[in-house]
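Encoded as structure tokens, the structure appears first; notes follow it.
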Amino acid sequence: MSEPLVLGIESSCDETSVGIVRGEQLLANEVASSMELHARFGGVVPEVASRAHLEAIGPTLRRAVETADIDLSELDAVAVTAGPGLMGSLVVGLAAAKTLAAVLGKPLYGLNHLVGHVAVDLLDHPAGEPARPLARPTLALLVSGGHTQLLTVGDITGDVAEIGTTIDDAAGEAYDKVARLLGLPYPGGPVIDEAAQGGDPEAIRFPRGLTAPHDMARHRFDYSFSGLKTAVARWVETRRLEGGEIPVADVAASFQEAVADVITAKAVDAARHHGIEHMIIGGGVAANSRLRGLLGERTAAAGIELRRPRPGLCTDNGAMIAVLGAQVVKAGLEPSGLGIGADSGLPV
Ligand code: KG4
Ligand code: ZN
């Protein structure tokens, strides 16, 4: 069989996106974000996100088909995120994907969003050149506003296991909440990243969640950011009560250091523990300058090869679902069928 032509739909959070691939060649990746609508509220509002998906899905689909310059009848399969994500957001993408598959008479694959973040690396190569296959096994570090996960990946079409996750807030959520309490706009990640450039990362020693010996016994590869967020809030509050100025750059840099330190230390520890020599990162927080830098240093010191897909592929997009769909088609897996439901807590 020639390389499968697959259309992928992603709508698990606040991005409505349609990607089209032929095997591991990217043909289109259209993304409509409702982030600006959520900025007013300081975070993603599920009801607002669902409505925005409904408005964006049609035009996004049409743009992707035009960009890829294909005829829908040529498709080999339709792929869609079935979970995890916001229920009201997932169902919009699923309804669109089912309709396409039913009308065109094509197989439908409901796929896992987290695994899509790993598969997307197959697209990160110059156009016309072959893809670099994913090393087996690979450790995936996924950090965004919705997730903070460590996955061991033997084979993206079946052998994926979660070995660590956050027990409270996602890393990006912590960025967004700390930005809000410093009076900075949403989304907080890029703004704190920039503010931190002028600050001293050692000015304030903020806590590294789940690193105390008694926590490590049960949660060695898990994350927690709510204690860090509370520590920043207390520090800022105390300083205000004392009538002092808030050194925003120092707070941002010290907070960012705590996040990058704990994320990278646990990821490298997990790779070593599982004897894995390859790591890949994904999610919006993977764009963070300190996280990228520190992870680069620590993986190099540990002899781990690090893959960092370009930022446009790290954030949520339809192409990651399309390329995972192409792998699933090539592996000969059974389609999901038109009756598939959305699962907001879908495990890998
Ligand atoms: O993957 P993404 O676009 O959407 C999902 O949440 O699924 O990630 C968005 C998150 C937001 O919380 C945002 O604040 C964070 O990624 N982010 C960053 C940076 N750029 C985006 N966090 C830290 N540093 C950045 N440079
Ligand atoms: Zn994501």
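Please note that chains go A, B, ... in the order of the structure tokens, that every chain numbers its residues from 1, and that ligands are numbered from 1 in the order shown.
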Using only C-alpha atoms and all ligand atoms, find each protein or nucleic acid residue lying at most 7 Å from ligand 2; present the set as an MDAnalysis selection string. chainID A and resid 113:114 117 144 146:147 283 315:316
Within-8 Å residues of ligand 1, basis only C-alpha atoms and all ligand atoms, as a ChimeraX atom specification: /A:12-15,143-147,171-176,186-194,282-289,291,314-316
Contacts of His125 (chain A) at 10 Å or less, counting only C-alpha atoms, minus same-chain residues fewer than 4 places along, as JSON, numbers by chain? {"A": [24, 25, 26, 121, 129, 130, 131, 132, 309, 310]}
So that I have them on file, write out the residues from the current selection with C-alpha atoms, as a short mmCIF file (atom, residue, chain, number, x, y, z; two decimals), in the first residue's frame.
data_model
loop_
_atom_site.label_atom_id
_atom_site.label_comp_id
_atom_site.auth_asym_id
_atom_site.auth_seq_id
_atom_site.Cartn_x
_atom_site.Cartn_y
_atom_site.Cartn_z
CA GLU A 24 4.77 11.09 7.61
CA GLN A 25 4.56 13.99 5.14
CA LEU A 26 2.67 17.02 6.43
CA ASP A 121 7.72 14.08 15.98
CA GLU A 129 12.76 13.84 3.17
CA PRO A 130 11.95 10.60 4.98
CA ALA A 131 10.84 10.72 8.63
CA ARG A 132 13.18 9.78 11.46
CA PRO A 309 9.69 19.00 17.90
CA ARG A 310 9.37 22.58 16.67
#
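For Ala56 (chain A), the residues within 9 Å (counting only C-alpha atoms, excluding itself and residues fewer than 2 positions away along the chain) are Thr16, Ser17, Ala32, Ser33, Arg51, Ala52, His53, Leu54, Gly58, Pro59, Thr60 and Leu61 of chain A.
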Find the spatial neighbours of region 269-271 of chain A, counting only C-alpha atoms, within a cut-off of 9 Å - ignore same-chain residues fewer than 3 positions away - and output them as a PyMOL selection string. chain A and resi 138-139+150+152+163-164+220-221+264-266+274-279+304
Please identify the strand (DSSP E or B) residues within region 1-246 of chain A (assignment by DSSP from backbone atoms) and present them as an MDAnalysis selection string. chainID A and resid 5:10 15:22 25:33 77:83 108:112 138:143 148:155 159:166 223
Could you turn the residues from that selection into a file that holds C-alpha atoms, as a PDB file, in the first residue's frame?
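Everything below was put into part_16.pdb:
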ATOM      1  CA  LEU A   5      -3.685   9.777   3.258  1.00  0.00           C
ATOM      2  CA  VAL A   6      -5.251  10.629   6.628  1.00  0.00           C
ATOM      3  CA  LEU A   7      -7.224  13.616   7.905  1.00  0.00           C
ATOM      4  CA  GLY A   8      -7.014  14.238  11.661  1.00  0.00           C
ATOM      5  CA  ILE A   9      -9.303  16.353  13.835  1.00  0.00           C
ATOM      6  CA  GLU A  10      -8.255  17.691  17.266  1.00  0.00           C
ATOM      7  CA  GLU A  15      -7.699  24.618  19.738  1.00  0.00           C
ATOM      8  CA  THR A  16      -9.900  23.522  16.834  1.00  0.00           C
ATOM      9  CA  SER A  17      -7.522  21.937  14.378  1.00  0.00           C
ATOM     10  CA  VAL A  18      -7.526  19.826  11.229  1.00  0.00           C
ATOM     11  CA  GLY A  19      -4.358  18.255   9.853  1.00  0.00           C
ATOM     12  CA  ILE A  20      -3.787  16.185   6.733  1.00  0.00           C
ATOM     13  CA  VAL A  21      -0.812  13.879   6.197  1.00  0.00           C
ATOM     14  CA  ARG A  22       0.372  11.337   3.658  1.00  0.00           C
ATOM     15  CA  GLN A  25       4.565  13.987   5.141  1.00  0.00           C
ATOM     16  CA  LEU A  26       2.674  17.019   6.432  1.00  0.00           C
ATOM     17  CA  LEU A  27       0.225  18.422   3.860  1.00  0.00           C
ATOM     18  CA  ALA A  28      -1.846  20.779   6.034  1.00  0.00           C
ATOM     19  CA  ASN A  29      -2.219  21.772   9.672  1.00  0.00           C
ATOM     20  CA  GLU A  30      -4.866  24.449  10.236  1.00  0.00           C
ATOM     21  CA  VAL A  31      -5.369  25.659  13.812  1.00  0.00           C
ATOM     22  CA  ALA A  32      -8.076  28.005  15.144  1.00  0.00           C
ATOM     23  CA  SER A  33      -7.562  28.927  18.792  1.00  0.00           C
ATOM     24  CA  ALA A  77      -9.028   7.215   6.854  1.00  0.00           C
ATOM     25  CA  VAL A  78     -10.399   9.859   9.216  1.00  0.00           C
ATOM     26  CA  ALA A  79      -8.749  10.149  12.643  1.00  0.00           C
ATOM     27  CA  VAL A  80     -10.015  12.101  15.627  1.00  0.00           C
ATOM     28  CA  THR A  81      -9.101  12.745  19.262  1.00  0.00           C
ATOM     29  CA  ALA A  82     -11.422  10.597  21.418  1.00  0.00           C
ATOM     30  CA  GLY A  83      -9.848  11.768  24.719  1.00  0.00           C
ATOM     31  CA  LEU A 108     -12.803   6.154  11.438  1.00  0.00           C
ATOM     32  CA  TYR A 109     -10.126   5.947  14.166  1.00  0.00           C
ATOM     33  CA  GLY A 110     -10.711   7.492  17.610  1.00  0.00           C
ATOM     34  CA  LEU A 111      -7.244   8.165  19.054  1.00  0.00           C
ATOM     35  CA  ASN A 112      -5.542   9.217  22.270  1.00  0.00           C
ATOM     36  CA  THR A 138      11.230   6.579  24.156  1.00  0.00           C
ATOM     37  CA  LEU A 139      10.240   8.512  27.268  1.00  0.00           C
ATOM     38  CA  ALA A 140       7.677  11.230  26.487  1.00  0.00           C
ATOM     39  CA  LEU A 141       7.431  14.308  28.704  1.00  0.00           C
ATOM     40  CA  LEU A 142       4.153  16.117  28.004  1.00  0.00           C
ATOM     41  CA  VAL A 143       3.688  19.487  29.656  1.00  0.00           C
ATOM     42  CA  THR A 148       1.865  16.943  32.846  1.00  0.00           C
ATOM     43  CA  GLN A 149       2.708  13.349  32.010  1.00  0.00           C
ATOM     44  CA  LEU A 150       5.582  10.940  31.702  1.00  0.00           C
ATOM     45  CA  LEU A 151       4.903   8.114  29.237  1.00  0.00           C
ATOM     46  CA  THR A 152       7.065   5.182  28.249  1.00  0.00           C
ATOM     47  CA  VAL A 153       6.551   4.480  24.567  1.00  0.00           C
ATOM     48  CA  GLY A 154       7.568   1.144  23.055  1.00  0.00           C
ATOM     49  CA  ASP A 155       5.292   1.439  20.027  1.00  0.00           C
ATOM     50  CA  ASP A 159       2.616  -0.108  23.681  1.00  0.00           C
ATOM     51  CA  VAL A 160       2.333   3.131  25.682  1.00  0.00           C
ATOM     52  CA  ALA A 161       2.220   3.368  29.477  1.00  0.00           C
ATOM     53  CA  GLU A 162       1.817   6.300  31.834  1.00  0.00           C
ATOM     54  CA  ILE A 163       4.440   6.180  34.577  1.00  0.00           C
ATOM     55  CA  GLY A 164       3.883   9.616  36.066  1.00  0.00           C
ATOM     56  CA  THR A 165       1.356  12.434  36.148  1.00  0.00           C
ATOM     57  CA  THR A 166       0.421  15.508  38.147  1.00  0.00           C
ATOM     58  CA  TYR A 223       4.296  15.960  39.868  1.00  0.00           C
TER      59      TYR A 223
END
Using DSSP on the backbone, list every residue of region 2-233 of chain A that comes out as alpha helix (DSSP H), and give them as a PyMOL selection string. chain A and resi 35-39+46-68+87-104+113-119+171-181+188-196+213-219+226-233
Could the residues in this selection be saved with C-alpha atoms as a compact mmCIF listing (two decimals), in the first residue's frame?
# COMPACT_ATOMS: atom_id res chain seq x y z
CA MET A 35 -7.41 31.40 23.58
CA GLU A 36 -8.28 35.10 23.15
CA LEU A 37 -11.86 34.45 24.25
CA HIS A 38 -10.56 32.72 27.38
CA ALA A 39 -8.05 35.48 28.18
CA PRO A 46 -15.37 24.75 28.88
CA GLU A 47 -18.72 26.14 27.69
CA VAL A 48 -17.01 28.94 25.76
CA ALA A 49 -14.56 26.43 24.24
CA SER A 50 -17.34 24.10 22.98
CA ARG A 51 -19.18 26.92 21.27
CA ALA A 52 -15.97 28.17 19.69
CA HIS A 53 -15.22 24.65 18.35
CA LEU A 54 -18.67 24.48 16.79
CA GLU A 55 -18.11 27.77 14.97
CA ALA A 56 -14.54 26.98 13.90
CA ILE A 57 -14.73 23.34 12.84
CA GLY A 58 -16.33 23.87 9.40
CA PRO A 59 -14.07 26.69 8.16
CA THR A 60 -10.95 24.98 9.60
CA LEU A 61 -11.80 21.75 7.81
CA ARG A 62 -12.31 23.57 4.53
CA ARG A 63 -9.01 25.48 4.86
CA ALA A 64 -7.09 22.27 5.58
CA VAL A 65 -8.52 20.52 2.49
CA GLU A 66 -7.69 23.55 0.33
CA THR A 67 -4.14 23.82 1.70
CA ALA A 68 -3.45 20.11 1.22
CA MET A 87 -16.09 16.53 27.15
CA GLY A 88 -18.01 19.33 25.44
CA SER A 89 -14.99 20.07 23.24
CA LEU A 90 -14.23 16.47 22.31
CA VAL A 91 -17.79 15.76 21.12
CA VAL A 92 -17.66 18.55 18.52
CA GLY A 93 -14.59 17.02 16.85
CA LEU A 94 -16.03 13.53 17.09
CA ALA A 95 -19.33 14.55 15.52
CA ALA A 96 -17.52 16.21 12.63
CA ALA A 97 -15.21 13.20 12.13
CA LYS A 98 -18.10 10.71 12.23
CA THR A 99 -20.06 12.70 9.69
CA LEU A 100 -17.08 12.86 7.33
CA ALA A 101 -16.33 9.14 7.70
CA ALA A 102 -19.97 8.16 7.22
CA VAL A 103 -20.56 10.38 4.18
CA LEU A 104 -17.28 9.41 2.51
CA HIS A 113 -4.50 12.88 22.41
CA LEU A 114 -1.41 12.20 24.55
CA VAL A 115 -0.03 9.62 22.14
CA GLY A 116 -0.60 12.15 19.34
CA HIS A 117 1.84 14.52 21.09
CA VAL A 118 4.49 11.80 20.73
CA ALA A 119 3.64 10.75 17.16
CA ALA A 171 2.41 22.72 34.75
CA GLY A 172 0.84 25.26 32.37
CA GLU A 173 -2.02 25.80 34.78
CA ALA A 174 0.52 26.71 37.48
CA TYR A 175 2.09 29.23 35.08
CA ASP A 176 -1.31 30.73 34.33
CA LYS A 177 -2.30 30.97 38.01
CA VAL A 178 1.00 32.50 39.13
CA ALA A 179 0.79 35.02 36.28
CA ARG A 180 -2.65 36.02 37.48
CA LEU A 181 -1.50 36.62 41.04
CA GLY A 188 0.85 33.19 31.74
CA GLY A 189 3.57 30.91 30.38
CA PRO A 190 5.10 33.14 27.71
CA VAL A 191 4.71 36.28 29.89
CA ILE A 192 6.44 34.72 32.91
CA ASP A 193 9.12 33.29 30.63
CA GLU A 194 9.84 36.81 29.38
CA ALA A 195 9.62 38.48 32.80
CA ALA A 196 12.00 35.85 34.19
CA PRO A 213 11.80 11.34 50.79
CA HIS A 214 8.33 10.27 52.03
CA ASP A 215 6.72 11.60 48.81
CA MET A 216 9.36 9.99 46.59
CA ALA A 217 8.45 6.60 48.02
CA ARG A 218 4.95 6.79 46.51
CA HIS A 219 5.24 9.51 43.89
CA SER A 226 -0.43 23.40 43.81
CA GLY A 227 1.96 23.73 46.79
CA LEU A 228 4.31 25.81 44.64
CA LYS A 229 1.46 28.06 43.54
CA THR A 230 0.40 28.54 47.20
CA ALA A 231 4.01 29.28 48.21
CA VAL A 232 4.25 32.00 45.55
CA ALA A 233 0.88 33.43 46.65
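Nearest to Val251 (chain A) of all the residues A:Leu122, A:Ala300, A:Leu313, A:Ala203 is A:Ala203, based on only C-alpha atoms.
Distances from A:Asp261, A:Gly303, A:Thr157, A:Pro107 to Gly339 (chain A) were compared using only C-alpha atoms, and the smallest one belongs to A:Pro107.
Residue neighbourhood of Asp250 (chain A), excluding near-sequence residues (fewer than 4 positions): Ala196, Gly198, Gly199, Asp200, Pro201, Ala203, Ile204 and Ser254 of chain A, at 8 Å, using only C-alpha atoms.
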Can you spit out the residues from that selection as a compact mmCIF listing (two decimals), in the first residue's frame, using C-alpha atoms?
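Final output, saved to result_38.txt:
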# COMPACT_ATOMS: atom_id res chain seq x y z
CA ALA A 196 12.00 35.85 34.19
CA GLY A 198 15.51 39.91 33.86
CA GLY A 199 15.25 38.17 37.24
CA ASP A 200 17.38 36.12 39.59
CA PRO A 201 16.27 32.45 39.63
CA ALA A 203 16.29 35.06 44.65
CA ILE A 204 13.58 32.98 46.36
CA SER A 254 12.44 31.79 40.92
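Minimum atom-to-atom distances from A:Leu123, A:Gly337, A:Met320, A:Ile167 to Gly209 (chain A) were compared using only C-alpha atoms, and the lowest value belongs to A:Ile167.
Note that the spacing between CA of Asp76 (chain A) and CA of Lys106 (chain A) amounts to 6.5 Å.
For the atom pair formed by CA of Arg205 (chain A) and CA of Gln256 (chain A), the distance is 11.0 Å, given to one decimal.
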